[in-house]
Amino acid sequence: MFSFLNHSVNHKYKHRSNVQHLTLNLFFDEHYFPHAKVSKRQSHHDWSIYNTHLRTQLGSYLLADLTNPVLDVWVREQVLRGYQNSTINKHIYLMNRMLNLARHWGHIDSHNSYQQNIKRLSIGDYTQRFLSEPEIERLIRACRANRHPFLYLFVQLLLLTGARKGEARLARWRDIDLHKRVWTVPRSKNGRSRRIVLSAAAVGVLFDVRTRAEQLNLPTTQECYVFTNPRTQTAYQSFYAAWFVARDLAELEDLRIHDLRHTYASTLINNGVSLYEVQTLLGHSSLQMTQRYAHLEPNRLHEHTELMSAVVARNSI
């Protein structure tokens, strides 16, 4: 019994001693990031954010010294450097996540009133960008003129399916059943798989992708990526370089790739598709996420109010 208690006391003393000398850099490198690599899909984003915005600025601080006055100055300096609030919020999210794990693992006091999570900055109302038909035409024409071997087909597929860029970039041929016209995303943004229903036009684009790959002597077996980079023989890291050139050529400087997904949703709703059906097609985990498009169907709501008007009118004669 004595030896067990002695070991327990020594372990607690050693833990406290280590905690007292644990800097943020050490915590990230030896504790947080190894955990993130096995628990997060895209841990490389955390690596990039930390090394760019936290390692030099806060990395030498002991965890216990990362109090709210220190963290508030860190946030304020980013504002003064001209970062957008939405960008700063991504940095705040990572910092808060690290603080929460540090509390959970006993590295810092869980009840320290001077070391609370940082409040995220206001970003105002959520803004959405939808392409009009003339804008879609300009964008597709600019993408077709681009030298990138797949940009034109990639953009078309996003417009025709409402898929996220990451879902299309990492899609493999084994995920797509051209006969049943179904594309299965093994793991979507919410961590679950989802099915994307393919239109005839979307299937046609995928056939064009396969033809283009064969012209470039790229493999198109089941395990291959749909959009295979001819240089690396694997999935593209991004399409941004070519996208920015095509977008600017089309005079759509404010357009983001994700706005193609918004355009898909808005087009469906403006043509009478219900929010519930759009939720299913977009793969949203809750209807609340789809509610952002509710303002696009005012004409249909007005039509529905006339249903009750007709009932009252018939019974008022």
# chains A, B, ... in the order shown; residues from 1 in each chain; ligands from 1
$ closest_atom_pairs --of "stretch 157-215 of chain A" --to "stretch 26-46 of chain A" --cutoff "10 Å" --atoms "only C-alpha atoms" --output "Markdown table"
| residue | atom | partner | partner_atom | distance |
| --- | --- | --- | --- | --- |
| A:Arg187 | CA | A:Arg41 | CA | 9.4 |
| A:Lys189 | CA | A:Arg41 | CA | 9.1 |
| A:Gly191 | CA | A:Arg41 | CA | 8.5 |
$ residues_around --residues "A:Thr280" --least-positions-apart "5" --cutoff "12 Å" --atoms "only C-alpha atoms" --output "list in words"
Thr161, Gly162, Arg194, Arg195, Ile196, Val197, Ala265, Val273, Ser274, Leu275, Ser285, Ser286, Leu287, Met289 and Thr290 of chain A
$ atom_distance --atom1 "atom CA of A:Ala64" --atom2 "atom CA of A:His21"
9.2 Å
$ closest_residue --among "A:Arg172, A:Arg256, A:His91, A:Arg81" --to "A:Thr221" --atoms "only C-alpha atoms"
A:Arg172
$ closest_residue --among "A:Phe130, A:Trp183, A:Tyr240, A:Trp47" --to "A:Ala168" --atoms "only C-alpha atoms"
A:Trp183
$ atom_distance --atom1 "atom CA of A:His258" --atom2 "atom CA of A:Lys165"
7.1 Å
$ residues_around --residues "A:Gln156" --least-positions-apart "4" --cutoff "10 Å" --atoms "only C-alpha atoms" --output "count of residues only"
15
$ closest_residue --among "A:Leu281, A:Leu158, A:Cys224, A:Val312" --to "A:Arg261" --atoms "only C-alpha atoms"
A:Leu158
$ select_by_dssp --residues "stretch 105-253 of chain A" --states "strand (DSSP E or B)" --output "PDB file with N, CA and C atoms, in the first residue's frame"
ATOM      1  N   ARG A 172     -13.099   9.131 -56.106  1.00  0.00           N
ATOM      2  CA  ARG A 172     -12.474   8.048 -56.875  1.00  0.00           C
ATOM      3  C   ARG A 172     -13.545   7.410 -57.763  1.00  0.00           C
ATOM      4  N   ILE A 176     -18.411   6.134 -57.786  1.00  0.00           N
ATOM      5  CA  ILE A 176     -19.432   6.607 -58.736  1.00  0.00           C
ATOM      6  C   ILE A 176     -20.036   5.438 -59.496  1.00  0.00           C
ATOM      7  N   ASP A 177     -21.352   5.335 -59.420  1.00  0.00           N
ATOM      8  CA  ASP A 177     -22.093   4.332 -60.175  1.00  0.00           C
ATOM      9  C   ASP A 177     -22.799   5.058 -61.319  1.00  0.00           C
ATOM     10  N   VAL A 182     -25.492   7.543 -59.290  1.00  0.00           N
ATOM     11  CA  VAL A 182     -25.302   7.885 -57.878  1.00  0.00           C
ATOM     12  C   VAL A 182     -23.813   7.993 -57.580  1.00  0.00           C
ATOM     13  N   TRP A 183     -23.450   9.055 -56.893  1.00  0.00           N
ATOM     14  CA  TRP A 183     -22.076   9.275 -56.446  1.00  0.00           C
ATOM     15  C   TRP A 183     -22.084   9.208 -54.923  1.00  0.00           C
ATOM     16  N   THR A 184     -21.328   8.279 -54.365  1.00  0.00           N
ATOM     17  CA  THR A 184     -21.272   8.113 -52.911  1.00  0.00           C
ATOM     18  C   THR A 184     -20.014   8.779 -52.376  1.00  0.00           C
ATOM     19  N   VAL A 185     -20.207   9.747 -51.496  1.00  0.00           N
ATOM     20  CA  VAL A 185     -19.078  10.397 -50.823  1.00  0.00           C
ATOM     21  C   VAL A 185     -18.812   9.609 -49.549  1.00  0.00           C
ATOM     22  N   ARG A 194     -22.447  10.246 -47.725  1.00  0.00           N
ATOM     23  CA  ARG A 194     -23.677  10.767 -48.322  1.00  0.00           C
ATOM     24  C   ARG A 194     -23.726  10.393 -49.793  1.00  0.00           C
ATOM     25  N   ARG A 195     -24.932  10.423 -50.351  1.00  0.00           N
ATOM     26  CA  ARG A 195     -25.135  10.088 -51.762  1.00  0.00           C
ATOM     27  C   ARG A 195     -25.491  11.343 -52.538  1.00  0.00           C
ATOM     28  N   ILE A 196     -24.847  11.513 -53.671  1.00  0.00           N
ATOM     29  CA  ILE A 196     -25.149  12.625 -54.569  1.00  0.00           C
ATOM     30  C   ILE A 196     -25.844  12.051 -55.789  1.00  0.00           C
ATOM     31  N   VAL A 197     -27.043  12.530 -56.040  1.00  0.00           N
ATOM     32  CA  VAL A 197     -27.817  12.074 -57.198  1.00  0.00           C
ATOM     33  C   VAL A 197     -27.315  12.804 -58.443  1.00  0.00           C
ATOM     34  N   TYR A 225      -8.259   8.405 -58.683  1.00  0.00           N
ATOM     35  CA  TYR A 225      -9.044   9.619 -58.481  1.00  0.00           C
ATOM     36  C   TYR A 225      -9.688  10.025 -59.801  1.00  0.00           C
ATOM     37  N   THR A 228      -7.297  13.219 -61.660  1.00  0.00           N
ATOM     38  CA  THR A 228      -5.922  12.857 -61.340  1.00  0.00           C
ATOM     39  C   THR A 228      -4.959  13.884 -61.926  1.00  0.00           C
ATOM     40  N   ALA A 235      -4.393  12.835 -56.479  1.00  0.00           N
ATOM     41  CA  ALA A 235      -5.408  13.892 -56.459  1.00  0.00           C
ATOM     42  C   ALA A 235      -4.764  15.272 -56.459  1.00  0.00           C
TER      43      ALA A 235
END
$ closest_residue --among "A:Ala313, A:Leu216, A:Leu24, A:Leu249" --to "A:Gln233" --atoms "only C-alpha atoms"
A:Leu216
$ residues_around --residues "A:Arg231" --least-positions-apart "5" --cutoff "12 Å" --atoms "only C-alpha atoms" --output "PyMOL selection string"
chain A and resi 148-149+216-218+236-237
$ write_last_selection --atoms "C-alpha atoms" --output "PDB file, in the first residue's frame"
ATOM      1  CA  HIS A 148      -5.768  23.439 -66.972  1.00  0.00           C
ATOM      2  CA  PRO A 149      -6.701  19.944 -68.255  1.00  0.00           C
ATOM      3  CA  LEU A 216      -3.568  12.209 -71.062  1.00  0.00           C
ATOM      4  CA  ASN A 217      -2.601   8.540 -70.536  1.00  0.00           C
ATOM      5  CA  LEU A 218      -3.896   8.648 -66.966  1.00  0.00           C
ATOM      6  CA  TYR A 236      -4.986  17.619 -57.007  1.00  0.00           C
ATOM      7  CA  GLN A 237      -4.089  19.619 -53.906  1.00  0.00           C
TER       8      GLN A 237
END
